[in-house]
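A.B. asks: Input: one structure, supplied below.
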Amino acid sequence: MVADGGNADGERSGASAVRPSLVATPTWAVRIRRADGEIAGSGILLGPDRVLTAAHVLGRGEEVVAEFVGAGGSHVPRVAARVAGDAYRPEERDEDGDPSGDVALLALDRPRPPGEATTLHRLSAPGREVLMYGFPADFNGGLWLPATIIGGCGRDGQVQLRPPSPAEAARPGFSGGPVVDLATSQVVGMVLAGPSEPVGGYSFMSPAETVVQHLPEVAEWTRGPAAVDKELRAPESGADVALLDQPFAERLARWLRGDAASRGDGAAPQVKITLVPEGDAARAATLRRAITLADRELRTSLSTRRATLDAPGTVPAAGGLDLALYVAGSDTASVAERIALRMGLGRHRDVPPAERIATARVTITLVVVGVDAAADPGSLLDLMAVLVAGGSRVLLAFRTAGEHFARARDELLLRPAVQRRQRLAARYAEICETSAPELDALMARVTGDAEADDLADRAVRALVHVVAARAELTAGRGPFALPPDQAPDLGHYERVAARAERRIPPAVAALAGLLDRRNELRGRLVPYRRLYEEAAARTEDLVADELYLTAHRLLQERPCDVPAAEAATRAFLAFVDGGADRPPVPPAPRPPGGQEGHDRRGTPQ
């Protein structure tokens, strides 16, 4: 966390969205075939005669057949289709191999009934549970696949999806198909699965806003308020370019990219607080520019490329924000309602929006401008605290460094940073003062199992980093020399703790299992020794003595090589039971230093 020195577009008119049924093929799901009958991909019926799909599904001048598998009747309606005018944006890759585009809008030769169509919806993306629909060759009647939205990837605003397993990743036949939000049953994007199996079992989608950015005509069938209030959009004339405050632009871009490279290797700060005085035209223009470039729908295609006229390091990632609000004069309830809608929480007469936000499982990246000019800045800051507690990222812009700015800095930056540092110190103490001694004691007593020893080695390596990090924290060195709200993010140091917390328990469990086995072997060796001594009173056997002494010595050594001790113990037990031939007796090695003492016959001293 770091401190740095509206109005929404209404929904367009048009047909209401048809909510998908999970027990039937949606009427708006389109199977697309080439002239030779091969399934080329999928599509989404947005209007009676318009189908959205991926550009790689067909060539620019190719005619395909759109099949409406979910339509009623005994026969599947088939309609010829081709690209509508110039609504074709093939995939392009920039100098870094980053893809963009790959969307197309098809025109049908004959319209479908209006009630069969659906619409796209603007919703915040991260963490949402979704369903992909497509027509793979082995399930050409249609197939739903589940996934979770991980977040944006690349400069074009595309989004990465994580299926429950690699087998459930989108495959050929899904390209151009819908991505449906599970909570709202709204179509929030289009599948971008390529013609071959996705690498690593991941899938990708183009969200509604990215589709509209490439094909503005699709806005006619896109619902939900725009992500950015009009007051916060950079003018299309480009008049703001001359007013660029480059250092401020770089800081904004880093935060919107989720980039903490300039502050260590921790995660990006969750909260950013900044001042944008009313008379500072350059700072205001720089903020508008950053917000515009971070929005998938408003961003221009030129800004998705590496080689642009934009100053280096000042371009945020497309999709770097989910919502940007200008709140001067706005009441907190209306702001909360807009946030709830963007999070896909809907409207509920009996449940206030702030309560819906507090219990939501999704997060949002939010920019709020004019906080201290809101109708009630105090209650607005309370709402921001709820969002931050739920894991959302928040950038707050104030006009003055007054009492509300000071409160935000204290409650959302300084206090959480202090508490976070305290929690980290407590985790380090628990690891070093409780977990590490337990691990050390077990490692001093048993060894010899390859898996247990490997787990122990991994745990020790993790502990070395914890000890070093704890020394920095205790001595106030490195990032801990700075005030908590100005220091680099603690993400790296928390990962150091988490690594040790993950590795130590399985190592302790494995070694404790070895210790139990050693104790069990000791317990079995004693009664067998008595049995042998009863027999040895009549006839002494030097072979048996050597077998016993070897097993006893190995069981008493520190650390005890448990597999070796077990083999020696079993040999002695088998000899006493008479169930094994007498093995050759190796010369007994001299006891190493540090082992527990015993007399000549192996009786513990």
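Residues in the structure tokens are named by chain (A, B, ... in the order shown) and by number from 1 within that chain; ligands are numbered from 1 in the order shown.
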Step one, run DSSP on the backbone; step two, keep only residues of region 141-262 of chain A assigned to alpha helix (DSSP H); then write them as number ranges by chain.
C.D. replies: A: 208-214, 246-257
A.B. asks: Please produce an output containing N, CA, C and O atoms for each residue in the selection, written as a PDB file, in the first residue's frame.
C.D. replies:
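Output (again.pdb):
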```
ATOM      1  N   ALA A 208     -17.008  -8.639 -22.853  1.00  0.00           N
ATOM      2  CA  ALA A 208     -17.932  -7.805 -23.621  1.00  0.00           C
ATOM      3  C   ALA A 208     -17.288  -6.487 -24.024  1.00  0.00           C
ATOM      4  O   ALA A 208     -17.413  -6.036 -25.171  1.00  0.00           O
ATOM      5  N   GLU A 209     -16.571  -5.850 -23.095  1.00  0.00           N
ATOM      6  CA  GLU A 209     -15.986  -4.536 -23.398  1.00  0.00           C
ATOM      7  C   GLU A 209     -14.919  -4.625 -24.479  1.00  0.00           C
ATOM      8  O   GLU A 209     -14.797  -3.733 -25.316  1.00  0.00           O
ATOM      9  N   THR A 210     -14.123  -5.702 -24.460  1.00  0.00           N
ATOM     10  CA  THR A 210     -13.097  -5.861 -25.489  1.00  0.00           C
ATOM     11  C   THR A 210     -13.734  -6.099 -26.849  1.00  0.00           C
ATOM     12  O   THR A 210     -13.255  -5.599 -27.875  1.00  0.00           O
ATOM     13  N   VAL A 211     -14.804  -6.881 -26.883  1.00  0.00           N
ATOM     14  CA  VAL A 211     -15.521  -7.096 -28.141  1.00  0.00           C
ATOM     15  C   VAL A 211     -16.017  -5.765 -28.699  1.00  0.00           C
ATOM     16  O   VAL A 211     -15.850  -5.468 -29.885  1.00  0.00           O
ATOM     17  N   VAL A 212     -16.609  -4.928 -27.841  1.00  0.00           N
ATOM     18  CA  VAL A 212     -17.135  -3.635 -28.287  1.00  0.00           C
ATOM     19  C   VAL A 212     -16.011  -2.721 -28.738  1.00  0.00           C
ATOM     20  O   VAL A 212     -16.172  -1.948 -29.688  1.00  0.00           O
ATOM     21  N   GLN A 213     -14.856  -2.808 -28.079  1.00  0.00           N
ATOM     22  CA  GLN A 213     -13.727  -1.966 -28.494  1.00  0.00           C
ATOM     23  C   GLN A 213     -13.318  -2.280 -29.928  1.00  0.00           C
ATOM     24  O   GLN A 213     -12.994  -1.391 -30.706  1.00  0.00           O
ATOM     25  N   HIS A 214     -13.355  -3.563 -30.298  1.00  0.00           N
ATOM     26  CA  HIS A 214     -12.991  -3.956 -31.662  1.00  0.00           C
ATOM     27  C   HIS A 214     -14.147  -3.791 -32.646  1.00  0.00           C
ATOM     28  O   HIS A 214     -13.924  -3.457 -33.815  1.00  0.00           O
ATOM     29  N   GLN A 246       4.314  12.937 -16.453  1.00  0.00           N
ATOM     30  CA  GLN A 246       4.843  11.598 -16.688  1.00  0.00           C
ATOM     31  C   GLN A 246       5.129  10.822 -15.410  1.00  0.00           C
ATOM     32  O   GLN A 246       4.773   9.637 -15.326  1.00  0.00           O
ATOM     33  N   PRO A 247       5.763  11.386 -14.379  1.00  0.00           N
ATOM     34  CA  PRO A 247       5.991  10.593 -13.158  1.00  0.00           C
ATOM     35  C   PRO A 247       4.683  10.083 -12.545  1.00  0.00           C
ATOM     36  O   PRO A 247       4.602   8.938 -12.105  1.00  0.00           O
ATOM     37  N   PHE A 248       3.657  10.946 -12.532  1.00  0.00           N
ATOM     38  CA  PHE A 248       2.359  10.540 -12.000  1.00  0.00           C
ATOM     39  C   PHE A 248       1.751   9.446 -12.877  1.00  0.00           C
ATOM     40  O   PHE A 248       1.196   8.459 -12.390  1.00  0.00           O
ATOM     41  N   ALA A 249       1.893   9.612 -14.202  1.00  0.00           N
ATOM     42  CA  ALA A 249       1.363   8.609 -15.134  1.00  0.00           C
ATOM     43  C   ALA A 249       2.035   7.254 -14.931  1.00  0.00           C
ATOM     44  O   ALA A 249       1.387   6.209 -15.018  1.00  0.00           O
ATOM     45  N   GLU A 250       3.324   7.261 -14.665  1.00  0.00           N
ATOM     46  CA  GLU A 250       4.040   5.994 -14.448  1.00  0.00           C
ATOM     47  C   GLU A 250       3.562   5.310 -13.174  1.00  0.00           C
ATOM     48  O   GLU A 250       3.391   4.084 -13.142  1.00  0.00           O
ATOM     49  N   ARG A 251       3.327   6.092 -12.121  1.00  0.00           N
ATOM     50  CA  ARG A 251       2.843   5.495 -10.868  1.00  0.00           C
ATOM     51  C   ARG A 251       1.430   4.928 -11.047  1.00  0.00           C
ATOM     52  O   ARG A 251       1.121   3.841 -10.548  1.00  0.00           O
ATOM     53  N   LEU A 252       0.593   5.661 -11.756  1.00  0.00           N
ATOM     54  CA  LEU A 252      -0.760   5.170 -12.005  1.00  0.00           C
ATOM     55  C   LEU A 252      -0.734   3.892 -12.844  1.00  0.00           C
ATOM     56  O   LEU A 252      -1.454   2.925 -12.568  1.00  0.00           O
ATOM     57  N   ALA A 253       0.104   3.885 -13.877  1.00  0.00           N
ATOM     58  CA  ALA A 253       0.184   2.715 -14.753  1.00  0.00           C
ATOM     59  C   ALA A 253       0.665   1.491 -13.982  1.00  0.00           C
ATOM     60  O   ALA A 253       0.161   0.377 -14.170  1.00  0.00           O
ATOM     61  N   ARG A 254       1.661   1.691 -13.091  1.00  0.00           N
ATOM     62  CA  ARG A 254       2.158   0.557 -12.300  1.00  0.00           C
ATOM     63  C   ARG A 254       1.048  -0.020 -11.428  1.00  0.00           C
ATOM     64  O   ARG A 254       0.884  -1.234 -11.325  1.00  0.00           O
ATOM     65  N   TRP A 255       0.274   0.859 -10.792  1.00  0.00           N
ATOM     66  CA  TRP A 255      -0.787   0.371  -9.918  1.00  0.00           C
ATOM     67  C   TRP A 255      -1.872  -0.329 -10.731  1.00  0.00           C
ATOM     68  O   TRP A 255      -2.357  -1.405 -10.353  1.00  0.00           O
ATOM     69  N   LEU A 256      -2.250   0.255 -11.847  1.00  0.00           N
ATOM     70  CA  LEU A 256      -3.307  -0.336 -12.671  1.00  0.00           C
ATOM     71  C   LEU A 256      -2.857  -1.622 -13.357  1.00  0.00           C
ATOM     72  O   LEU A 256      -3.682  -2.467 -13.706  1.00  0.00           O
ATOM     73  N   ARG A 257      -1.556  -1.762 -13.563  1.00  0.00           N
ATOM     74  CA  ARG A 257      -1.029  -3.022 -14.112  1.00  0.00           C
ATOM     75  C   ARG A 257      -0.878  -4.074 -13.029  1.00  0.00           C
ATOM     76  O   ARG A 257      -0.615  -5.238 -13.313  1.00  0.00           O
TER      77      ARG A 257
END
```
A.B. asks: Set the distance at 10 Å and use only C-alpha atoms: which residues neighbour Glu62 (chain A) once local chain neighbours fewer than 5 positions away are removed? I'd like the list as a VMD selection string.
C.D. replies: chain A and resid 34 to 35 57 81 to 83
A.B. asks: So which residues touch Phe139 (chain A) within 12 Å, counting only C-alpha atoms, skipping near sequence neighbours fewer than 2 positions away, as a list of chain:residue names?
C.D. replies: A:Arg31, A:Ile39, A:Tyr133, A:Gly134, A:Phe135, A:Pro136, A:Ala137, A:Gly141, A:Gly142, A:Leu143, A:Trp144, A:Leu145, A:Arg171, A:Pro172, A:Gly173, A:Phe174
A.B. asks: Per residue of region 28-88 of chain A within 12 Å of region 179-182 of chain A, what are the shortest atom pair and its distance in Å to one decimal, counting only C-alpha atoms, with rows by chain and residue number, as a tab-separated table?
C.D. replies:
```
residue	atom	partner	partner_atom	distance
A:Ala29	CA	A:Val179	CA	10.9
A:Ser42	CA	A:Val179	CA	11.4
A:Gly43	CA	A:Val179	CA	10.9
A:Ile44	CA	A:Val179	CA	9.9
A:Thr53	CA	A:Val179	CA	11.9
```
A.B. asks: Run DSSP on the backbone and tell me which residues of region 68-197 of chain A come out as strand (DSSP E or B); list them as a ChimeraX atom specification.
C.D. replies: /A:78-89,92-93,99-100,103-108,120-121,129-134,143-153,158-162,178-181,187-191
A.B. asks: Each residue of region 463-582 of chain A lying at most 12 Å from region 269-276 of chain A should get a row with its shortest atom-to-atom pair and the distance in Å to one decimal, counting only C-alpha atoms; could you produce that, ordered by chain and increasing number, as a tab-separated table?
C.D. replies:
```
residue	atom	partner	partner_atom	distance
A:Asp485	CA	A:Pro269	CA	10.0
A:Gln486	CA	A:Pro269	CA	10.5
A:Ala487	CA	A:Pro269	CA	10.4
A:Pro488	CA	A:Pro269	CA	8.6
A:Asp489	CA	A:Pro269	CA	6.3
A:Leu490	CA	A:Pro269	CA	9.2
A:Gly491	CA	A:Pro269	CA	9.1
```
A.B. asks: Of the residues A:Pro505, A:Gly201, A:Gly189, A:Gly320, which is the one nearest to Arg155 (chain A), using only C-alpha atoms?
C.D. replies: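 Using only C-alpha atoms, the shortest distance to Arg155 (chain A) belongs to A:Gly320.
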A.B. asks: With distances taken over only C-alpha atoms, which of A:Pro563, A:Pro506, A:Gly115, A:Gly370 is nearest to Val446 (chain A)?
C.D. replies: A:Pro563
A.B. asks: Between CA of Arg461 (chain A) and CA of Arg420 (chain A), what is the distance in Å, rounded to a tenth?
C.D. replies: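 Atom-to-atom, CA of Arg461 (chain A) to CA of Arg420 (chain A), that is 24.4 Å.
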A.B. asks: Which residues, written as a list of chain:residue names, have at least one atom at most 9 Å from Gly378 (chain A), with only C-alpha atoms counted and residues fewer than 3 positions away on the same chain left out?
C.D. replies: A:Asp372, A:Leu381, A:Asp382, A:Leu383, A:His404, A:Arg407
